[in-house]
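*Asks:* One structure, pasted below without further comment.
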Amino acid sequence: MSPASPPPESNQFRLLAERRFGPFFLVQFCGAFNSNLLKNALVVFLTFRAARFGGSGGEAGSGVLVNLAAGLFVLPFVLFSASAGQIADKYEKSGLIRATKAFEIAVMALAAWGFLAGSLAALFAALFLAGAQATLFGPVKYSLLPQTLKDTELVGGNALVETGTFVAILLGTIAGGVLAALAGSGPAAAAVAVVGLALAGFAASCFVPRLPPADPALAIDWNPLRETWRNFRYIRGNRTVFLSILGVSWFWLYGALFLSQFPDYAKSVLAGGEMSVSVLLATFSLGIGAGSLLCERLSGHKVEIGLVPFGSIGLTVFGVDLYFASLALPGGALASTWALFSGPYVRVIADLFLMGLFGGFYIVPLYALIQSRTERHHVSRVVAGNNVLNAVFMVAGAAVAIALIRLGFAVTEILLAAALMNALVAAYIYTLVPEFLMRFMVWILIHSVYRLRKTGLDGIPEEGPAVLVCNHVSYVDALVISAACRRPIRWVMDHRIFAIPLLSFFFRTVRAIPIAPAREDAALLERAWDGIARALADGELVGIFPEGRLTPDGELGAFRPGIRQVLDRTPVPVVPMALSGLWQSLFARSHAKVTGLFPRIRLAVGERVAPAAATPERLRELVLGLRGEWK
């Protein structure tokens with residue numbers, strides 16, 4: 001039995017002090033730090049000191065090598081992810097983590113020799129092997145979270161992992177740039193750093209607690225093509241998960257394309273040096289970390305996919321503005337790195353930070369959604385399939401960037417094209433899965449029109465069927481309750497409200513059940529009874545407004561006997577709830593003056609009632625008690 005949900009005041013940072021999460025967080029932090037130190041040191045060397053490592057001179061030559069390095073790192077995800085996913089599902093995870101960290105030590109020893117010897121071949125080989133190590137670790141990393149965290153901790157855990165990853169990217173990129181810029185001693189310093197971080201990561205892995213394997217009877221298929229195809233067939237069986245994975249993969253293409261262009265952007269647009277590259281990467285990474293942490297607060301301890309469209313909008317808006325901000329920059333060399341935080345350069349820094357912030361809003365809910373809607377015994381293989389698609393998208397992005405450079409496109413034009421493409425891809429995904437846009441509408445309603453206070457949400461069962469009953473005050477009651485509830489709700493509602501323009505998009509998306517009196521449409525009434533019974537038989541939540549209409553005066557009307565017909569046919573628990581504060585709001589029938597622009601409202605949830613005791617009179621009494629005098 002899972003432990004009780006954390007109290008509302010809990011936050012994700014307490015997980016860092018717990019052994020089930022803290023050592024794992026350090027392991028992934030050190031790994032991300034190390035791989036980015038290696039990549040950025042190599043990128044800076046190629047961009048500014050290509051001759052020492054056997055690279056060709058010129059902006060185009062260094063640009064091609066930089067994008068080649070980016071593609072080489074992600075290639076192992078295509079080649080080895082299928083096997084990595086099976087291994088992660090079959091075997092105990094703490095042992096796998098220690099094995100991958102031991103492999104990392106060997107890889108970074110090769111990289112250290114490449115730095116000291118000035119061998120581009122050795123460094124590229126180490127970069128490829130570092131990608132292979134990350135491929136093995138990835139499925140363990142993301143499948144471990146739903147296995148160790150409660151559902152209410154999943155968003156917070158993912159937020160910490162994404163924040164830690166991008167803070168590690170920040171530190172790694174800064175360290176890589178700083179070490180590469182050291183006159184004379186840069187290669188030696190980079191060599192010592194990568195080996196030291198690998199050893200630190202292995203030490204942290206020794207404290208990761210044991211976890212039972214998800215599927216110990218799994219027979220591993222070592223044919224990567226066949227297993228990858230089998231994985232994709234499984235993933236495509238869950239449309240929401242599959243399209244979420246496509247959304248994640250697009251984000252990594254978008255982010256990797258931006259990050260890989262920063263060296264040339266710093267050199268050709270800002271006319272800066274090595275440190276300016278680190279500042280750009282650090283700004284973007286800090287933004288993603290901040291956005292990831294804000295997800296916990298904005299989502300209310302649940303997987304809130306309404307943040308995903310919000311994030312994609314920001315990625316496009318500030319990506320486009322970055323292009324125009326770049327055009328407005330003065331000519332000439334950058335006076336110093338600190339000059340980036342003054343004058344017209346501030347707009348560039350702000351755009352990068354806000355792109356990262358909205359990127360955090362975009363990526364954290366998608367990862368949490370994939371984990372929460374995938375069967376536990378298959379999470380590692382789904383993550384492996386996700387990694388394959390991520391890699392394919394990132395390699396494609398690197399290939400496109402190389403082609404555009406060869407065609408003579410400026411780096412600012414490449415970044416503008418990526419931002420515009422983001423808008424098209426996002427619109428396409430949201431058209432295929434309107435649930436994202438529906439949740440976005442709900443989230444905007446709750447965070448811009450109303451200020452919602454929630455009490456007693458633990459009364460709503462985490463799984464299994466139940467009927468939710470509530471007073472009916474406004475046209476947006478169903479949206480407000482859906483925003484507060486972690487589970488989808490099948491709403492039963494008057495067919496006329498169901499047909500209201502704009503709101504009908506929400507009602508159809510959540511598969512609401514329209515109902516009409518027998519005298520108006522007896523066939524629709526019968527279909528409604530059948531739809532309610534099927535939904536409850538399938539273990540879903542069904543929401544009903546037993547008054548049968550919007551209140552005309554703010555008072556609680558009599559509950560109609562239809563609720564008994566539902567329970568007699570399918571006996572399930574009933575959860576009473578009450579909305580307060582909506583009567584004098586914008587979407588109610590009240591003719592009284594609307595009270596304020598952002599009215600405070602409340603949703604109070606009571607204890608479950610057994611089906612035999614759930615009479616209309618008893619339920620009305622409970623709802624009235626929950627509401628109190630506040631309409």
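Residue names in the structure tokens use chain letters A, B, ... in the order shown, residue numbers from 1 in each chain, and ligand numbers from 1 in the order shown.
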Neighbouring residues of Ala401 (chain A) were defined as those with any atom within 8 Å, considering only C-alpha atoms; residues of the same chain fewer than 3 positions away were excluded. Please report them as a CSV table (one decimal) with N, CA, C and O atoms, in the first residue's frame.

*Replies:*
chain,number,residue,atom,x,y,z
A,67,ASN,N,28.6,20.9,-35.1
A,67,ASN,CA,27.4,20.1,-35.3
A,67,ASN,C,27.7,18.7,-35.4
A,67,ASN,O,26.8,17.8,-35.1
A,257,LEU,N,19.5,22.2,-31.1
A,257,LEU,CA,19.9,23.1,-32.3
A,257,LEU,C,20.3,24.5,-31.8
A,257,LEU,O,21.3,25.0,-32.2
A,397,GLY,N,18.3,17.4,-36.5
A,397,GLY,CA,18.5,18.8,-36.3
A,397,GLY,C,19.9,19.2,-36.6
A,397,GLY,O,20.2,20.3,-37.2
A,398,ALA,N,20.9,18.4,-36.2
A,398,ALA,CA,22.3,18.7,-36.5
A,398,ALA,C,22.6,18.6,-37.9
A,398,ALA,O,23.3,19.5,-38.5
A,404,LEU,N,22.2,23.9,-43.6
A,404,LEU,CA,21.9,25.4,-43.7
A,404,LEU,C,23.2,26.2,-43.7
A,404,LEU,O,23.3,27.2,-44.4
A,405,ILE,N,24.2,25.8,-42.9
A,405,ILE,CA,25.5,26.5,-42.8
A,405,ILE,C,26.1,26.4,-44.2
A,405,ILE,O,26.7,27.4,-44.7
A,414,ILE,N,19.1,30.6,-38.8
A,414,ILE,CA,18.8,29.2,-38.4
A,414,ILE,C,18.0,29.2,-37.1
A,414,ILE,O,17.0,28.4,-37.0

*Asks:* Using only C-alpha atoms, determine which residues lie at most 12 Å from Phe13 (chain A), disregarding the query and same-chain residues fewer than 6 positions distant; provide the list as JSON, numbers by chain.

*Replies:* {"A": [21, 22, 25, 153, 155, 156, 157, 158, 159, 160, 161, 163, 164, 293, 296]}

*Asks:* Emit the selected residues as an mmCIF file, in the first residue's frame, including N, CA, C and O atoms.

*Replies:*
data_model
loop_
_atom_site.group_PDB
_atom_site.id
_atom_site.type_symbol
_atom_site.label_atom_id
_atom_site.label_comp_id
_atom_site.auth_asym_id
_atom_site.auth_seq_id
_atom_site.Cartn_x
_atom_site.Cartn_y
_atom_site.Cartn_z
ATOM 1 N N PHE A 21 15.811 9.182 -3.179
ATOM 2 C CA PHE A 21 15.951 10.132 -4.287
ATOM 3 C C PHE A 21 17.297 10.857 -4.284
ATOM 4 O O PHE A 21 17.884 11.074 -5.353
ATOM 5 N N GLY A 22 17.809 11.244 -3.102
ATOM 6 C CA GLY A 22 19.000 12.080 -3.023
ATOM 7 C C GLY A 22 20.224 11.524 -3.735
ATOM 8 O O GLY A 22 20.828 12.214 -4.578
ATOM 9 N N PHE A 25 19.805 11.571 -7.434
ATOM 10 C CA PHE A 25 19.905 12.933 -7.957
ATOM 11 C C PHE A 25 21.371 13.331 -8.143
ATOM 12 O O PHE A 25 21.735 13.933 -9.166
ATOM 13 N N GLU A 153 4.128 13.149 -6.048
ATOM 14 C CA GLU A 153 5.516 13.603 -6.054
ATOM 15 C C GLU A 153 6.139 13.561 -7.441
ATOM 16 O O GLU A 153 7.270 14.010 -7.633
ATOM 17 N N VAL A 155 5.528 15.041 -10.406
ATOM 18 C CA VAL A 155 5.871 16.311 -11.053
ATOM 19 C C VAL A 155 7.061 16.954 -10.350
ATOM 20 O O VAL A 155 8.005 17.433 -10.989
ATOM 21 N N GLY A 156 7.037 16.963 -9.005
ATOM 22 C CA GLY A 156 8.141 17.543 -8.253
ATOM 23 C C GLY A 156 9.452 16.812 -8.498
ATOM 24 O O GLY A 156 10.511 17.438 -8.643
ATOM 25 N N GLY A 157 9.405 15.480 -8.551
ATOM 26 C CA GLY A 157 10.615 14.709 -8.817
ATOM 27 C C GLY A 157 11.164 14.983 -10.191
ATOM 28 O O GLY A 157 12.379 15.166 -10.383
ATOM 29 N N ASN A 158 10.284 15.003 -11.193
ATOM 30 C CA ASN A 158 10.730 15.334 -12.547
ATOM 31 C C ASN A 158 11.275 16.753 -12.625
ATOM 32 O O ASN A 158 12.243 17.023 -13.342
ATOM 33 N N ALA A 159 10.627 17.674 -11.886
ATOM 34 C CA ALA A 159 11.109 19.058 -11.882
ATOM 35 C C ALA A 159 12.522 19.136 -11.319
ATOM 36 O O ALA A 159 13.380 19.855 -11.852
ATOM 37 N N LEU A 160 12.781 18.389 -10.229
ATOM 38 C CA LEU A 160 14.121 18.397 -9.654
ATOM 39 C C LEU A 160 15.139 17.781 -10.605
ATOM 40 O O LEU A 160 16.254 18.288 -10.750
ATOM 41 N N VAL A 161 14.750 16.686 -11.250
ATOM 42 C CA VAL A 161 15.672 16.037 -12.187
ATOM 43 C C VAL A 161 15.990 16.977 -13.348
ATOM 44 O O VAL A 161 17.160 17.136 -13.744
ATOM 45 N N THR A 163 15.660 20.265 -13.402
ATOM 46 C CA THR A 163 16.421 21.394 -12.876
ATOM 47 C C THR A 163 17.869 21.001 -12.629
ATOM 48 O O THR A 163 18.809 21.716 -13.023
ATOM 49 N N GLY A 164 18.063 19.856 -11.977
ATOM 50 C CA GLY A 164 19.424 19.388 -11.727
ATOM 51 C C GLY A 164 20.186 19.170 -13.013
ATOM 52 O O GLY A 164 21.374 19.513 -13.118
ATOM 53 N N LEU A 293 11.206 24.137 -11.835
ATOM 54 C CA LEU A 293 10.809 24.239 -10.433
ATOM 55 C C LEU A 293 9.455 24.914 -10.276
ATOM 56 O O LEU A 293 8.664 24.549 -9.407
ATOM 57 N N GLU A 296 6.063 22.744 -10.297
ATOM 58 C CA GLU A 296 5.498 22.138 -9.085
ATOM 59 C C GLU A 296 4.443 23.056 -8.482
ATOM 60 O O GLU A 296 3.361 22.619 -8.097
#

*Asks:* Counting only C-alpha atoms, figure out which residue out of A:Trp113, A:Phe505, A:Tyr367, A:Phe29 gets nearest to Thr240 (chain A).

*Replies:*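 Among A:Trp113, A:Phe505, A:Tyr367, A:Phe29, it is A:Tyr367 that comes nearest to Thr240 (chain A).
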
*Asks:* What parts of region 299-468 of chain A does DSSP call strand (DSSP E)? I'd like the answer as a list of chain:residue names.

*Replies:* A:Arg451, A:Leu452, A:Arg453, A:Lys454, A:Thr455, A:Ala466, A:Val467, A:Leu468

*Asks:* When DSSP is applied to the backbone of this structure, which of region 422-596 of chain A are assigned alpha helix (DSSP H)? Write them out as a ChimeraX atom specification.

*Replies:* /A:422-432,434-444,477-484,495-498,503-509,518-537,562-569
